[in-house]
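Undergrad: Dropping a structure here in structure tokens format, bear with me for questions.
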Amino acid sequence: MRGGLVIREALNGLRRNASMIISIVLVTFVSLTFVGAAILMQAQIGTMRDFWTGRAQVQVSMCIDGAREATCDKGAATDKQIEAVKAQLDGDGLKPLIAKYRFETPKQAYENALKLLGDDYKDILSPDQFGASFYINLVDPQNSDVITEAFNGKAGVQGVQDQMELLQPLFTALTVSTYIAVGIAVLMLIAAVLLIATTIRLSAFARRRELRIMRLVGASNGFIQTPFILEGVFAALIGSVLSGVAIWAGVKFGVNGYLRSRVDFITTWVGMGDVAYVVPVLIGLGVVLAAISAGFAIRRWLRA
């Protein structure tokens, strides 16, 4: 009976402050959606980084005719210079750092370019425009600087390119986007907390006569405060659930239904397993913040 009375009081409070409750729902929904999006974006960045780190290579490009680098002053790399690079890769100094490497001849590079660009370029490109290259997979990609230092400036080597450097701007842009989403989410959460506190104070003020009577008949502080806390929790719970639905829909239809089939260079995406982890976090965060905010607000009002 006592629990039923507390719930009825909370529902009455929700009905009396319907407009403010809707505001709490909307602010909580928007803020937690940003939080969920930020979590998923960071998970996507981590997944992409792990995928490409294991596949990114260091490319050692040998000289071609007409190259302007000082190491190519004698024209295209000779067989002796290519063998010198291969011997260094197989040497005791670098071999422990290398998982595997692949040598690509100018003809193979030409054929791979045609596969990528199409046969329309067959009359435009020629094998002479391509140089031989070594593609090196490292045991630890963090050691790419060792390979760069070993071959930069070596006779016959036109240049050394770490493929992870090409992807770094993408990771940086995604990380900045995550920080922006987190910043907006924090501001919206602060707004939600303040709105919940204000709503509880207004609700308590509207029922001040009832509260005085309850105090006179000996009702405990916990019994008086619980309906007000439940008001904030119910409103935040609805907003949290809506944010979970938005995150679920975004991954199911936005990521799985659209991006997976249209963005080819990303082969690993966040999935429904990540959603199953994020949604409970959002709901728990919304409920906890609402309970703390509402409890603090009603205790301060009762002391006043």
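Starting from 1 in every chain, residues are counted up; chains themselves are A, B, ... following the order of the structure tokens, and ligands are numbered from 1 as listed.
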Give me, as JSON lines, each residue of region 33-117 of chain A that comes within 12 Å of region 179-193 of chain A, together with its shortest interatomic pair and the distance in Å at one decimal, counting only C-alpha atoms, with rows ordered by chain and rising residue number.

TA:
{"residue": "A:Thr33", "atom": "CA", "partner": "A:Ala185", "partner_atom": "CA", "distance": 7.9}
{"residue": "A:Phe34", "atom": "CA", "partner": "A:Ala185", "partner_atom": "CA", "distance": 5.2}
{"residue": "A:Val35", "atom": "CA", "partner": "A:Ala185", "partner_atom": "CA", "distance": 5.5}
{"residue": "A:Gly36", "atom": "CA", "partner": "A:Ala185", "partner_atom": "CA", "distance": 9.1}
{"residue": "A:Ala37", "atom": "CA", "partner": "A:Ala181", "partner_atom": "CA", "distance": 7.4}
{"residue": "A:Ala38", "atom": "CA", "partner": "A:Ala181", "partner_atom": "CA", "distance": 5.7}
{"residue": "A:Ile39", "atom": "CA", "partner": "A:Val182", "partner_atom": "CA", "distance": 8.7}
{"residue": "A:Leu40", "atom": "CA", "partner": "A:Ala181", "partner_atom": "CA", "distance": 10.9}
{"residue": "A:Met41", "atom": "CA", "partner": "A:Ala181", "partner_atom": "CA", "distance": 9.3}
{"residue": "A:Gln42", "atom": "CA", "partner": "A:Tyr179", "partner_atom": "CA", "distance": 9.4}

Undergrad: How would the residues just chosen look if you wrote them out with N, CA and C atoms as a CSV table (one decimal), in the first residue's frame?

TA:
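Once everything was written out, this is result.csv:
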chain,number,residue,atom,x,y,z
A,33,THR,N,22.0,10.6,-26.7
A,33,THR,CA,22.3,10.1,-28.1
A,33,THR,C,23.7,10.6,-28.5
A,34,PHE,N,24.0,11.8,-28.2
A,34,PHE,CA,25.4,12.3,-28.4
A,34,PHE,C,26.4,11.4,-27.7
A,35,VAL,N,26.1,11.1,-26.4
A,35,VAL,CA,27.1,10.2,-25.7
A,35,VAL,C,27.2,8.9,-26.4
A,36,GLY,N,26.1,8.3,-26.8
A,36,GLY,CA,26.2,7.0,-27.4
A,36,GLY,C,26.9,7.1,-28.8
A,37,ALA,N,26.7,8.1,-29.5
A,37,ALA,CA,27.3,8.3,-30.8
A,37,ALA,C,28.8,8.5,-30.6
A,38,ALA,N,29.2,9.2,-29.5
A,38,ALA,CA,30.7,9.4,-29.3
A,38,ALA,C,31.3,8.1,-28.9
A,39,ILE,N,30.6,7.2,-28.1
A,39,ILE,CA,31.2,5.9,-27.7
A,39,ILE,C,31.4,5.1,-28.9
A,40,LEU,N,30.4,5.0,-29.8
A,40,LEU,CA,30.4,4.2,-31.0
A,40,LEU,C,31.5,4.7,-32.0
A,41,MET,N,31.6,6.0,-32.1
A,41,MET,CA,32.7,6.6,-33.0
A,41,MET,C,34.0,6.2,-32.5
A,42,GLN,N,34.2,6.3,-31.2
A,42,GLN,CA,35.6,5.9,-30.6
A,42,GLN,C,35.8,4.4,-30.8

Undergrad: Within region 34-77 of chain A, find each residue whose DSSP state, derived from the backbone, is strand (DSSP E or B), and express the selection as a PyMOL selection string.

TA: chain A and resi 58-62

Undergrad: So how many Å separate CA of Val30 (chain A) and CA of Pro280 (chain A), to one decimal?

TA: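 Computing it gives 16.1 Å between the two atoms.
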
Undergrad: Just want the 7 Å neighbourhood of Ile238 (chain A), counted on only C-alpha atoms, with same-chain residues fewer than 4 positions away dropped. Output as a list in words.

TA: Val25, Phe234 and Leu242 of chain A

Undergrad: Could you pull out the helix (DSSP H, G or I) residues of region 106-199 of chain A, going by DSSP on the backbone, and write them as an NGL selection string?

TA: :A and (106-117 or 119-121 or 127-129 or 141-151 or 163-199)

Undergrad: Between CA of Val58 (chain A) and CA of Ser144 (chain A), what is the distance, to one decimal in Å?

TA: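 According to the coordinates, CA of Val58 (chain A) and CA of Ser144 (chain A) are separated by 6.8 Å.
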